[in-house]
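Enquirer: Sharing a structure here in structure tokens format.
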Amino acid sequence: MKCRSCRARAVVELRRHNAAFCPDCFITYCRNQVTRAIEEHKMIAPGERALVAVSGGKDSLALWDLLLDLGYQADGLYIGLGIAGYSEPSGEYARAFAERRGARLVEVDLPRDYGYDVRSGAAADHRVPCSACGLSKRHIFDRAALEGGYDVVVTGHNLDDEAAVLFGNLLRWDVAYLARQRPVLPGGDGFPRKVKPLVRLAERETAAYCVLRGIDYQVEECPMSAGNKHLGYKDALNTIEERSPGTKAAFYHGFLEHGGMLGAEVAGEERDGLHPCPSCGAPTVGEVCAFCRLVRRAGGDPGRRIPVSSPAAAALPASALPASALPASALPASALPASAREGGA
Ligand code: AMP
Ligand code: FES
Ligand code: ZN
């Protein structure tokens, strides 16, 4: 097997592209796919500050590495979810990467900073763990980005993730979710922009990228995700992909191209009737936001500020945040707990 680009010995075969690559050309291929996604969907403009949500897994670490190499200003954000046996090593992988690259890692820890973990939060709020986890992560991504003065939140959702979510949304004809399933969610109204630059790369490609780049990552899946629907959709799509390579990419990218036909016009979050949560300042339609409700029910403290201490936070231009989005106390550095831990420079 020879590399499609340089004819050297190939080490990665991509059946969906009917191609194989040597290590160097595969890394170039990954960079090109990320660059193309960023440009095609106007994800990150030159000079913007990006906050990469890093789980310690292959996707988000590959993404952080790619963005740094492409010259983006990209800090990491790791959220400790308090999942015994899983969260400790995931944090270690994120920290080790940050240290090796001399990159800045912002850390938020649910038990330490808010007084609950995914399991206790889920039980107290009568949710399944993945729902409590998703709610907590989304809230913290948004608050950390706004309070840290970042222009954009970047997540490591890859082609397999997005195709599986699309599959699930279509099976249920969930039009509201379909409308929001874009690789870019615009910012505004108290939300930061959110982008997914890995939508052109498959899961085994980000794994291969990490191996070739010598990036250690957490291989284990979250113990609470076993048997969830999303994994079932992934398996189903993998069976189809095995027989017809390229189907997954055609399915997802076809949706981006023709989604409007389904009424899935480009849309942001549901933004009608939003007002700032009296407890944390996040935009909500409820009396308090869903995150603060969960934290309170779990006996935690929703009033804690996200431990982001960034020079840019103090210098945040007023225009970057709607006045209503945050309580006046949100930005001064004095309001931030000293527990913020950062790796590297
Ligand atoms: P998941 O929801 O686990 O499939 O993860 C999707 C994306 O969310 C990852 O690629 C990361 O960008 C981000 N993410 C997941 N878990 C964490 C975490 N504990 N801390 C920070 N970001 C995370
Ligand atoms: Fe969220 Fe497993 S990572 S419940
Ligand atoms: Zn709130």
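Letters A, B, ... go to the chains of the structure tokens in the order shown; residues in each chain start at 1; ligands are counted from 1 in the same order.
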Mind listing the helix (DSSP H, G or I) residues of region 36-276 of chain A, per DSSP on the backbone, as a PyMOL selection string?

Expert: chain A and resi 36-40+58-69+87-101+110-114+118-124+129-147+159-171+175-180+203-213+223-225+229-243+247-262

Enquirer: Find the nearest atom pair between each residue of chain A and ligand 2 for residues within 8 Å, count only C-alpha atoms and all ligand atoms, give distances in Å to one decimal, sort rows by chain and ascending number, and present the table as JSON lines.

Expert:
```
{"residue": "A:Leu81", "atom": "CA", "partner": "ligand 2", "partner_atom_place_in_ligand_line": "1 (Fe)", "distance": 7.4}
{"residue": "A:Ile83", "atom": "CA", "partner": "ligand 2", "partner_atom_place_in_ligand_line": "2 (Fe)", "distance": 7.8}
{"residue": "A:Val118", "atom": "CA", "partner": "ligand 2", "partner_atom_place_in_ligand_line": "4 (S)", "distance": 6.7}
{"residue": "A:Pro129", "atom": "CA", "partner": "ligand 2", "partner_atom_place_in_ligand_line": "4 (S)", "distance": 5.0}
{"residue": "A:Cys130", "atom": "CA", "partner": "ligand 2", "partner_atom_place_in_ligand_line": "4 (S)", "distance": 3.8}
{"residue": "A:Ser131", "atom": "CA", "partner": "ligand 2", "partner_atom_place_in_ligand_line": "4 (S)", "distance": 7.2}
{"residue": "A:Ala132", "atom": "CA", "partner": "ligand 2", "partner_atom_place_in_ligand_line": "4 (S)", "distance": 7.3}
{"residue": "A:Cys133", "atom": "CA", "partner": "ligand 2", "partner_atom_place_in_ligand_line": "1 (Fe)", "distance": 4.4}
{"residue": "A:Gly134", "atom": "CA", "partner": "ligand 2", "partner_atom_place_in_ligand_line": "1 (Fe)", "distance": 6.2}
{"residue": "A:Glu221", "atom": "CA", "partner": "ligand 2", "partner_atom_place_in_ligand_line": "2 (Fe)", "distance": 7.7}
{"residue": "A:Cys222", "atom": "CA", "partner": "ligand 2", "partner_atom_place_in_ligand_line": "2 (Fe)", "distance": 4.5}
{"residue": "A:Pro223", "atom": "CA", "partner": "ligand 2", "partner_atom_place_in_ligand_line": "2 (Fe)", "distance": 6.4}
{"residue": "A:Met224", "atom": "CA", "partner": "ligand 2", "partner_atom_place_in_ligand_line": "2 (Fe)", "distance": 5.0}
{"residue": "A:Ser225", "atom": "CA", "partner": "ligand 2", "partner_atom_place_in_ligand_line": "2 (Fe)", "distance": 5.3}
```

Enquirer: What would the file look like if the residues just selected were written as a PDB file, in the first residue's frame with all heavy atoms?

Expert:
```
ATOM      1  N   LEU A  81     -15.773  15.593  36.115  1.00  0.00           N
ATOM      2  CA  LEU A  81     -17.192  15.256  36.295  1.00  0.00           C
ATOM      3  C   LEU A  81     -17.438  14.448  37.561  1.00  0.00           C
ATOM      4  O   LEU A  81     -18.577  14.138  37.891  1.00  0.00           O
ATOM      5  CB  LEU A  81     -17.685  14.462  35.072  1.00  0.00           C
ATOM      6  CG  LEU A  81     -17.532  15.195  33.730  1.00  0.00           C
ATOM      7  CD1 LEU A  81     -17.706  14.224  32.567  1.00  0.00           C
ATOM      8  CD2 LEU A  81     -18.536  16.339  33.635  1.00  0.00           C
ATOM      9  N   ILE A  83     -16.604  11.309  38.121  1.00  0.00           N
ATOM     10  CA  ILE A  83     -16.982   9.921  37.847  1.00  0.00           C
ATOM     11  C   ILE A  83     -15.816   9.027  38.288  1.00  0.00           C
ATOM     12  O   ILE A  83     -14.740   9.055  37.673  1.00  0.00           O
ATOM     13  CB  ILE A  83     -17.300   9.711  36.349  1.00  0.00           C
ATOM     14  CG1 ILE A  83     -18.446  10.645  35.924  1.00  0.00           C
ATOM     15  CG2 ILE A  83     -17.652   8.243  36.068  1.00  0.00           C
ATOM     16  CD1 ILE A  83     -18.715  10.657  34.425  1.00  0.00           C
ATOM     17  N   VAL A 118     -21.663  13.953  38.645  1.00  0.00           N
ATOM     18  CA  VAL A 118     -22.669  13.595  37.642  1.00  0.00           C
ATOM     19  C   VAL A 118     -23.718  12.647  38.231  1.00  0.00           C
ATOM     20  O   VAL A 118     -24.916  12.822  38.021  1.00  0.00           O
ATOM     21  CB  VAL A 118     -21.995  12.980  36.400  1.00  0.00           C
ATOM     22  CG1 VAL A 118     -22.986  12.223  35.546  1.00  0.00           C
ATOM     23  CG2 VAL A 118     -21.341  14.078  35.567  1.00  0.00           C
ATOM     24  N   PRO A 129     -27.778   9.886  33.957  1.00  0.00           N
ATOM     25  CA  PRO A 129     -26.474  10.541  34.126  1.00  0.00           C
ATOM     26  C   PRO A 129     -26.026  11.351  32.906  1.00  0.00           C
ATOM     27  O   PRO A 129     -25.529  12.470  33.038  1.00  0.00           O
ATOM     28  CB  PRO A 129     -25.523   9.374  34.403  1.00  0.00           C
ATOM     29  CG  PRO A 129     -26.380   8.328  35.024  1.00  0.00           C
ATOM     30  CD  PRO A 129     -27.730   8.459  34.384  1.00  0.00           C
ATOM     31  N   CYS A 130     -26.212  10.792  31.694  1.00  0.00           N
ATOM     32  CA  CYS A 130     -25.735  11.510  30.503  1.00  0.00           C
ATOM     33  C   CYS A 130     -26.437  12.856  30.327  1.00  0.00           C
ATOM     34  O   CYS A 130     -25.867  13.801  29.790  1.00  0.00           O
ATOM     35  CB  CYS A 130     -25.915  10.664  29.243  1.00  0.00           C
ATOM     36  SG  CYS A 130     -24.763   9.282  29.200  1.00  0.00           S
ATOM     37  N   SER A 131     -27.687  12.943  30.773  1.00  0.00           N
ATOM     38  CA  SER A 131     -28.418  14.201  30.645  1.00  0.00           C
ATOM     39  C   SER A 131     -27.878  15.232  31.643  1.00  0.00           C
ATOM     40  O   SER A 131     -27.647  16.401  31.293  1.00  0.00           O
ATOM     41  CB  SER A 131     -29.906  13.923  30.857  1.00  0.00           C
ATOM     42  OG  SER A 131     -30.578  15.087  31.226  1.00  0.00           O
ATOM     43  N   ALA A 132     -27.638  14.797  32.887  1.00  0.00           N
ATOM     44  CA  ALA A 132     -27.063  15.714  33.888  1.00  0.00           C
ATOM     45  C   ALA A 132     -25.666  16.146  33.455  1.00  0.00           C
ATOM     46  O   ALA A 132     -25.273  17.312  33.614  1.00  0.00           O
ATOM     47  CB  ALA A 132     -26.997  15.023  35.242  1.00  0.00           C
ATOM     48  N   CYS A 133     -24.937  15.204  32.873  1.00  0.00           N
ATOM     49  CA  CYS A 133     -23.574  15.482  32.418  1.00  0.00           C
ATOM     50  C   CYS A 133     -23.597  16.505  31.272  1.00  0.00           C
ATOM     51  O   CYS A 133     -22.858  17.492  31.289  1.00  0.00           O
ATOM     52  CB  CYS A 133     -22.960  14.158  31.979  1.00  0.00           C
ATOM     53  SG  CYS A 133     -21.335  14.303  31.263  1.00  0.00           S
ATOM     54  N   GLY A 134     -24.466  16.268  30.297  1.00  0.00           N
ATOM     55  CA  GLY A 134     -24.554  17.168  29.139  1.00  0.00           C
ATOM     56  C   GLY A 134     -24.973  18.572  29.558  1.00  0.00           C
ATOM     57  O   GLY A 134     -24.386  19.563  29.111  1.00  0.00           O
ATOM     58  N   GLU A 221     -14.231   4.257  27.498  1.00  0.00           N
ATOM     59  CA  GLU A 221     -15.438   5.073  27.363  1.00  0.00           C
ATOM     60  C   GLU A 221     -15.952   5.354  28.773  1.00  0.00           C
ATOM     61  O   GLU A 221     -15.672   4.598  29.708  1.00  0.00           O
ATOM     62  CB  GLU A 221     -16.527   4.303  26.601  1.00  0.00           C
ATOM     63  CG  GLU A 221     -16.182   3.976  25.160  1.00  0.00           C
ATOM     64  CD  GLU A 221     -16.237   5.201  24.257  1.00  0.00           C
ATOM     65  OE1 GLU A 221     -16.887   6.192  24.652  1.00  0.00           O
ATOM     66  OE2 GLU A 221     -15.604   5.164  23.189  1.00  0.00           O
ATOM     67  N   CYS A 222     -16.747   6.383  28.904  1.00  0.00           N
ATOM     68  CA  CYS A 222     -17.357   6.690  30.195  1.00  0.00           C
ATOM     69  C   CYS A 222     -18.187   5.486  30.658  1.00  0.00           C
ATOM     70  O   CYS A 222     -18.989   4.953  29.891  1.00  0.00           O
ATOM     71  CB  CYS A 222     -18.246   7.912  30.060  1.00  0.00           C
ATOM     72  SG  CYS A 222     -19.322   8.126  31.478  1.00  0.00           S
ATOM     73  N   PRO A 223     -18.009   5.060  31.912  1.00  0.00           N
ATOM     74  CA  PRO A 223     -18.745   3.867  32.379  1.00  0.00           C
ATOM     75  C   PRO A 223     -20.252   4.076  32.384  1.00  0.00           C
ATOM     76  O   PRO A 223     -21.009   3.113  32.407  1.00  0.00           O
ATOM     77  CB  PRO A 223     -18.217   3.674  33.808  1.00  0.00           C
ATOM     78  CG  PRO A 223     -17.630   4.987  34.202  1.00  0.00           C
ATOM     79  CD  PRO A 223     -17.146   5.639  32.947  1.00  0.00           C
ATOM     80  N   MET A 224     -20.690   5.311  32.369  1.00  0.00           N
ATOM     81  CA  MET A 224     -22.142   5.544  32.430  1.00  0.00           C
ATOM     82  C   MET A 224     -22.778   5.556  31.052  1.00  0.00           C
ATOM     83  O   MET A 224     -23.996   5.678  30.922  1.00  0.00           O
ATOM     84  CB  MET A 224     -22.412   6.873  33.132  1.00  0.00           C
ATOM     85  CG  MET A 224     -21.877   6.844  34.523  1.00  0.00           C
ATOM     86  SD  MET A 224     -22.745   7.946  35.554  1.00  0.00           S
ATOM     87  CE  MET A 224     -21.408   8.610  36.483  1.00  0.00           C
ATOM     88  N   SER A 225     -21.941   5.501  30.014  1.00  0.00           N
ATOM     89  CA  SER A 225     -22.521   5.605  28.668  1.00  0.00           C
ATOM     90  C   SER A 225     -22.906   4.236  28.107  1.00  0.00           C
ATOM     91  O   SER A 225     -23.567   4.144  27.081  1.00  0.00           O
ATOM     92  CB  SER A 225     -21.547   6.296  27.719  1.00  0.00           C
ATOM     93  OG  SER A 225     -20.411   5.468  27.543  1.00  0.00           O
TER      94      SER A 225
END
```

Enquirer: Could you pull out the residues in region 144-292 of chain A that DSSP calls strand (DSSP E) from the backbone, as number ranges by chain?

Expert: A: 152-154, 184-185, 193-195, 275-276, 283-284

Enquirer: Keeping all heavy atoms for every residue in the selection just given, could you write it to a file as a compact mmCIF listing (two decimals), in the first residue's frame?

Expert:
```
# COMPACT_ATOMS: atom_id res chain seq x y z
N VAL A 152 -14.94 31.91 21.03
CA VAL A 152 -15.61 30.72 20.51
C VAL A 152 -15.27 29.49 21.36
O VAL A 152 -14.16 29.36 21.86
CB VAL A 152 -15.20 30.53 19.01
CG1 VAL A 152 -13.71 30.48 18.82
CG2 VAL A 152 -15.84 29.30 18.39
N VAL A 153 -16.29 28.63 21.56
CA VAL A 153 -16.08 27.33 22.23
C VAL A 153 -15.94 26.28 21.14
O VAL A 153 -16.75 26.21 20.21
CB VAL A 153 -17.30 26.96 23.11
CG1 VAL A 153 -17.16 25.52 23.64
CG2 VAL A 153 -17.46 27.93 24.26
N VAL A 154 -14.91 25.45 21.26
CA VAL A 154 -14.63 24.45 20.24
C VAL A 154 -14.77 23.07 20.88
O VAL A 154 -14.16 22.80 21.91
CB VAL A 154 -13.19 24.62 19.71
CG1 VAL A 154 -12.95 23.71 18.53
CG2 VAL A 154 -12.92 26.07 19.34
N VAL A 184 -21.80 24.92 13.39
CA VAL A 184 -21.58 26.22 14.03
C VAL A 184 -22.89 26.68 14.63
O VAL A 184 -23.90 26.73 13.94
CB VAL A 184 -21.16 27.30 13.00
CG1 VAL A 184 -21.04 28.67 13.68
CG2 VAL A 184 -19.86 26.94 12.33
N LEU A 185 -22.89 26.99 15.92
CA LEU A 185 -24.04 27.64 16.52
C LEU A 185 -23.63 29.08 16.80
O LEU A 185 -22.64 29.32 17.50
CB LEU A 185 -24.45 26.97 17.83
CG LEU A 185 -25.19 25.65 17.73
CD1 LEU A 185 -25.53 25.13 19.12
CD2 LEU A 185 -26.46 25.81 16.90
N ARG A 193 -20.33 31.61 20.60
CA ARG A 193 -20.39 30.77 19.39
C ARG A 193 -19.83 29.39 19.73
O ARG A 193 -18.90 29.28 20.52
CB ARG A 193 -19.57 31.43 18.28
CG ARG A 193 -19.69 30.74 16.94
CD ARG A 193 -18.73 31.33 15.89
NE ARG A 193 -18.38 32.70 16.16
CZ ARG A 193 -17.14 33.18 16.08
NH1 ARG A 193 -16.14 32.42 15.67
NH2 ARG A 193 -16.89 34.42 16.36
N LYS A 194 -20.42 28.35 19.15
CA LYS A 194 -19.91 26.99 19.40
C LYS A 194 -19.66 26.30 18.08
O LYS A 194 -20.51 26.33 17.19
CB LYS A 194 -20.93 26.20 20.23
CG LYS A 194 -20.75 26.44 21.71
CD LYS A 194 -21.85 25.86 22.52
CE LYS A 194 -22.80 26.95 22.92
NZ LYS A 194 -24.00 26.54 23.56
N VAL A 195 -18.48 25.68 17.96
CA VAL A 195 -18.11 25.11 16.66
C VAL A 195 -17.51 23.71 16.80
O VAL A 195 -16.96 23.36 17.85
CB VAL A 195 -17.11 26.04 15.91
CG1 VAL A 195 -17.66 27.45 15.77
CG2 VAL A 195 -15.75 26.09 16.59
N HIS A 275 -34.10 35.45 29.59
CA HIS A 275 -33.68 36.49 30.54
C HIS A 275 -32.55 35.89 31.37
O HIS A 275 -32.41 34.65 31.41
CB HIS A 275 -34.85 36.93 31.43
CG HIS A 275 -35.46 35.79 32.18
ND1 HIS A 275 -35.02 35.37 33.40
CD2 HIS A 275 -36.45 34.93 31.85
CE1 HIS A 275 -35.71 34.32 33.80
NE2 HIS A 275 -36.59 34.03 32.87
N PRO A 276 -31.74 36.71 32.05
CA PRO A 276 -30.63 36.14 32.80
C PRO A 276 -31.13 35.38 34.04
O PRO A 276 -32.01 35.86 34.74
CB PRO A 276 -29.80 37.35 33.23
CG PRO A 276 -30.38 38.53 32.53
CD PRO A 276 -31.75 38.19 32.07
N PRO A 283 -28.42 32.83 30.31
CA PRO A 283 -29.74 33.06 29.72
C PRO A 283 -30.66 31.85 29.95
O PRO A 283 -30.24 30.71 29.81
CB PRO A 283 -29.45 33.24 28.23
CG PRO A 283 -28.04 32.84 28.02
CD PRO A 283 -27.34 32.77 29.33
N THR A 284 -31.89 32.13 30.32
CA THR A 284 -32.85 31.03 30.56
C THR A 284 -34.26 31.52 30.28
O THR A 284 -34.52 32.72 30.28
CB THR A 284 -32.75 30.54 32.03
OG1 THR A 284 -33.67 29.47 32.21
CG2 THR A 284 -33.06 31.63 33.04
```

Enquirer: Could you list, as a short mmCIF file (atom, residue, chain, number, x, y, z; two decimals) with N, CA and C atoms, in the first residue's frame, all the residues within 8 Å of ligand 3, counting only C-alpha atoms and all ligand atoms?

Expert:
```cif
data_model
loop_
_atom_site.label_atom_id
_atom_site.label_comp_id
_atom_site.auth_asym_id
_atom_site.auth_seq_id
_atom_site.Cartn_x
_atom_site.Cartn_y
_atom_site.Cartn_z
N PRO A 276 -31.74 36.71 32.05
CA PRO A 276 -30.63 36.14 32.80
C PRO A 276 -31.13 35.38 34.04
N CYS A 277 -30.55 34.23 34.29
CA CYS A 277 -30.87 33.47 35.50
C CYS A 277 -30.49 34.33 36.72
N PRO A 278 -31.41 34.51 37.67
CA PRO A 278 -31.07 35.37 38.83
C PRO A 278 -29.93 34.80 39.66
N SER A 279 -29.67 33.52 39.53
CA SER A 279 -28.63 32.91 40.35
C SER A 279 -27.26 32.97 39.70
N CYS A 280 -27.19 32.71 38.37
CA CYS A 280 -25.86 32.63 37.75
C CYS A 280 -25.69 33.56 36.56
N GLY A 281 -26.77 34.14 36.08
CA GLY A 281 -26.66 35.08 34.96
C GLY A 281 -26.78 34.43 33.59
N ALA A 282 -26.84 33.11 33.53
CA ALA A 282 -26.95 32.45 32.21
C ALA A 282 -28.33 32.71 31.64
N PRO A 283 -28.42 32.83 30.31
CA PRO A 283 -29.74 33.06 29.72
C PRO A 283 -30.66 31.85 29.95
N THR A 284 -31.89 32.13 30.32
CA THR A 284 -32.85 31.03 30.56
C THR A 284 -34.26 31.52 30.28
N VAL A 288 -35.29 29.98 37.32
CA VAL A 288 -33.82 29.86 37.37
C VAL A 288 -33.43 28.91 36.25
N CYS A 289 -32.14 28.91 35.88
CA CYS A 289 -31.74 28.05 34.76
C CYS A 289 -31.69 26.58 35.21
N ALA A 290 -31.73 25.69 34.23
CA ALA A 290 -31.76 24.25 34.52
C ALA A 290 -30.52 23.82 35.30
N PHE A 291 -29.39 24.47 35.02
CA PHE A 291 -28.15 24.11 35.72
C PHE A 291 -28.26 24.46 37.21
N CYS A 292 -28.69 25.69 37.50
CA CYS A 292 -28.79 26.09 38.91
C CYS A 292 -29.81 25.23 39.65
N ARG A 293 -30.88 24.85 38.95
CA ARG A 293 -31.90 24.00 39.59
C ARG A 293 -31.26 22.64 39.96
N PRO A 302 -24.73 26.73 43.28
CA PRO A 302 -24.69 27.22 41.91
C PRO A 302 -24.05 28.60 41.80
#
```

Enquirer: Would you name the residues within 7 Å of ligand 1, counting only C-alpha atoms and all ligand atoms, and put them as a VMD selection string?

Expert: chain A and resid 52 to 55 59 to 60 77 to 81 134 137 154 to 157 161

Enquirer: Within 9 Å of region 10-14 of chain A, counting only C-alpha atoms, which residues show up once you throw out same-chain ones fewer than 2 positions away? Write them as a PDB file with C-alpha atoms, in the first residue's frame, please.

Expert:
```pdb
ATOM      1  CA  MET A   1       0.000   0.000   0.000  1.00  0.00           C
ATOM      2  CA  LYS A   2       1.491   3.334  -1.076  1.00  0.00           C
ATOM      3  CA  CYS A   3       0.747   6.854   0.132  1.00  0.00           C
ATOM      4  CA  ARG A   4      -1.613   8.636  -2.250  1.00  0.00           C
ATOM      5  CA  ARG A   7       4.125   7.131  -2.803  1.00  0.00           C
ATOM      6  CA  ALA A   8       6.004   6.255   0.415  1.00  0.00           C
ATOM      7  CA  ARG A  16     -14.124   6.087   2.191  1.00  0.00           C
ATOM      8  CA  HIS A  17     -11.617   8.138   0.201  1.00  0.00           C
ATOM      9  CA  ASN A  18     -10.231   5.097  -1.545  1.00  0.00           C
ATOM     10  CA  ALA A  19      -6.826   6.286  -0.357  1.00  0.00           C
ATOM     11  CA  ALA A  20      -3.954   5.505   1.961  1.00  0.00           C
ATOM     12  CA  PHE A  21      -1.381   7.822   3.513  1.00  0.00           C
ATOM     13  CA  CYS A  22       2.077   7.721   5.056  1.00  0.00           C
ATOM     14  CA  PRO A  23       2.365   9.320   8.537  1.00  0.00           C
ATOM     15  CA  PHE A  26      -1.945  11.648   6.900  1.00  0.00           C
ATOM     16  CA  GLU A 205      -8.908   9.045  11.911  1.00  0.00           C
ATOM     17  CA  ALA A 208      -4.758   7.349  14.136  1.00  0.00           C
ATOM     18  CA  PRO A 245     -17.518   3.091   2.715  1.00  0.00           C
TER      19      PRO A 245
END
```

Enquirer: Can you tell me how far CA of Gly121 (chain A) sits from CA of Gly303 (chain A), in Å to one decimal?

Expert: 15.7 Å

Enquirer: What does the distance between CA of Leu51 (chain A) and CA of Ala145 (chain A) come to in Å, to one decimal place?

Expert: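 Distance between the two atoms: 6.5 Å.
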
Enquirer: By how many Å are CA of Pro111 (chain A) and CA of Arg296 (chain A) apart?

Expert: 13.1 Å

Enquirer: May I ask which of the residues A:Pro197, A:Gly299, A:Gly85, A:Gly273 is the closest one to His41 (chain A), counting only C-alpha atoms?

Expert: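 Closest residue, counting only C-alpha atoms: A:Pro197.
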
Enquirer: Between A:Cys25, A:Glu92, A:Ala62, A:Asp75, which has the minimum distance to Gly149 (chain A) (counting only C-alpha atoms)?

Expert: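 Nearest candidate to Gly149 (chain A) out of A:Cys25, A:Glu92, A:Ala62, A:Asp75: A:Asp75.
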
Enquirer: Please identify all polymer residues within 7 Å of region 201-203 of chain A, counting only C-alpha atoms, omitting same-chain residues fewer than 4 positions from it, and present them as a VMD selection string.

Expert: chain A and resid 33 158 to 160 207

Enquirer: Could you save those same residues with C-alpha atoms as a short mmCIF file (atom, residue, chain, number, x, y, z; two decimals), in the first residue's frame?

Expert:
```cif
data_model
loop_
_atom_site.label_atom_id
_atom_site.label_comp_id
_atom_site.auth_asym_id
_atom_site.auth_seq_id
_atom_site.Cartn_x
_atom_site.Cartn_y
_atom_site.Cartn_z
CA GLN A 33 -9.84 18.61 6.72
CA ASN A 158 -16.37 14.11 14.99
CA LEU A 159 -18.09 12.81 11.87
CA ASP A 160 -19.21 9.61 13.63
CA ALA A 207 -7.35 7.92 16.88
#
```

Enquirer: Neighbours of region 237-241 of chain A within 9 Å (only C-alpha atoms; same-chain residues fewer than 3 positions away dropped), as a list in words?

Expert: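 Near region 237-241 of chain A, the qualifying residues are Arg16, Asp160, Ala163, Ala164, Phe167, Gly232, Tyr233, Lys234, Ser244, Pro245, Gly246, Thr247 and Lys248 of chain A.
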
Enquirer: Write the residues of the selection above to a file with N, CA, C and O atoms, as an mmCIF file, in the first residue's frame.

Expert:
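Output saved as selection05.cif:
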```cif
data_model
loop_
_atom_site.group_PDB
_atom_site.id
_atom_site.type_symbol
_atom_site.label_atom_id
_atom_site.label_comp_id
_atom_site.auth_asym_id
_atom_site.auth_seq_id
_atom_site.Cartn_x
_atom_site.Cartn_y
_atom_site.Cartn_z
ATOM 1 N N ARG A 16 -13.093 5.192 2.729
ATOM 2 C CA ARG A 16 -14.124 6.087 2.191
ATOM 3 C C ARG A 16 -13.549 7.064 1.167
ATOM 4 O O ARG A 16 -14.279 7.637 0.372
ATOM 5 N N ASP A 160 -18.401 10.717 13.097
ATOM 6 C CA ASP A 160 -19.206 9.606 13.633
ATOM 7 C C ASP A 160 -20.227 10.107 14.647
ATOM 8 O O ASP A 160 -21.376 9.662 14.662
ATOM 9 N N ALA A 163 -22.972 12.129 12.734
ATOM 10 C CA ALA A 163 -23.825 11.253 11.920
ATOM 11 C C ALA A 163 -24.766 10.463 12.829
ATOM 12 O O ALA A 163 -25.952 10.286 12.513
ATOM 13 N N ALA A 164 -24.263 10.014 13.993
ATOM 14 C CA ALA A 164 -25.110 9.242 14.920
ATOM 15 C C ALA A 164 -26.220 10.128 15.495
ATOM 16 O O ALA A 164 -27.374 9.693 15.623
ATOM 17 N N PHE A 167 -28.766 10.637 12.805
ATOM 18 C CA PHE A 167 -29.541 9.418 12.631
ATOM 19 C C PHE A 167 -30.652 9.354 13.692
ATOM 20 O O PHE A 167 -31.825 9.133 13.383
ATOM 21 N N GLY A 232 -25.675 2.885 20.122
ATOM 22 C CA GLY A 232 -26.422 1.982 19.238
ATOM 23 C C GLY A 232 -26.504 2.545 17.827
ATOM 24 O O GLY A 232 -26.318 1.821 16.835
ATOM 25 N N TYR A 233 -26.742 3.851 17.714
ATOM 26 C CA TYR A 233 -26.804 4.479 16.384
ATOM 27 C C TYR A 233 -25.440 4.417 15.703
ATOM 28 O O TYR A 233 -25.337 4.206 14.497
ATOM 29 N N LYS A 234 -24.391 4.602 16.507
ATOM 30 C CA LYS A 234 -23.033 4.521 15.932
ATOM 31 C C LYS A 234 -22.775 3.131 15.381
ATOM 32 O O LYS A 234 -22.251 2.979 14.278
ATOM 33 N N SER A 244 -20.512 -0.184 2.735
ATOM 34 C CA SER A 244 -20.447 0.883 1.720
ATOM 35 C C SER A 244 -19.663 2.061 2.259
ATOM 36 O O SER A 244 -20.243 3.012 2.796
ATOM 37 N N PRO A 245 -18.336 2.000 2.173
ATOM 38 C CA PRO A 245 -17.518 3.091 2.715
ATOM 39 C C PRO A 245 -17.927 4.439 2.102
ATOM 40 O O PRO A 245 -18.168 4.515 0.896
ATOM 41 N N GLY A 246 -18.002 5.446 2.952
ATOM 42 C CA GLY A 246 -18.364 6.784 2.466
ATOM 43 C C GLY A 246 -19.809 7.138 2.760
ATOM 44 O O GLY A 246 -20.205 8.304 2.652
ATOM 45 N N THR A 247 -20.615 6.143 3.182
ATOM 46 C CA THR A 247 -22.031 6.415 3.418
ATOM 47 C C THR A 247 -22.232 7.419 4.558
ATOM 48 O O THR A 247 -23.060 8.322 4.492
ATOM 49 N N LYS A 248 -21.448 7.236 5.624
ATOM 50 C CA LYS A 248 -21.608 8.097 6.804
ATOM 51 C C LYS A 248 -21.349 9.563 6.443
ATOM 52 O O LYS A 248 -22.126 10.454 6.805
#
```

Enquirer: Please provide as a list of chain:residue names all residues within 9 Å of Ser90 (chain A), with the sequence filter that same-chain residues fewer than 4 positions apart are discarded (counting only C-alpha atoms).

Expert: A:Ser55, A:Gly56, A:Gly57, A:Tyr78, A:Gly80, A:Tyr86, A:Ala94, A:Arg95, A:Tyr217, A:Gln218
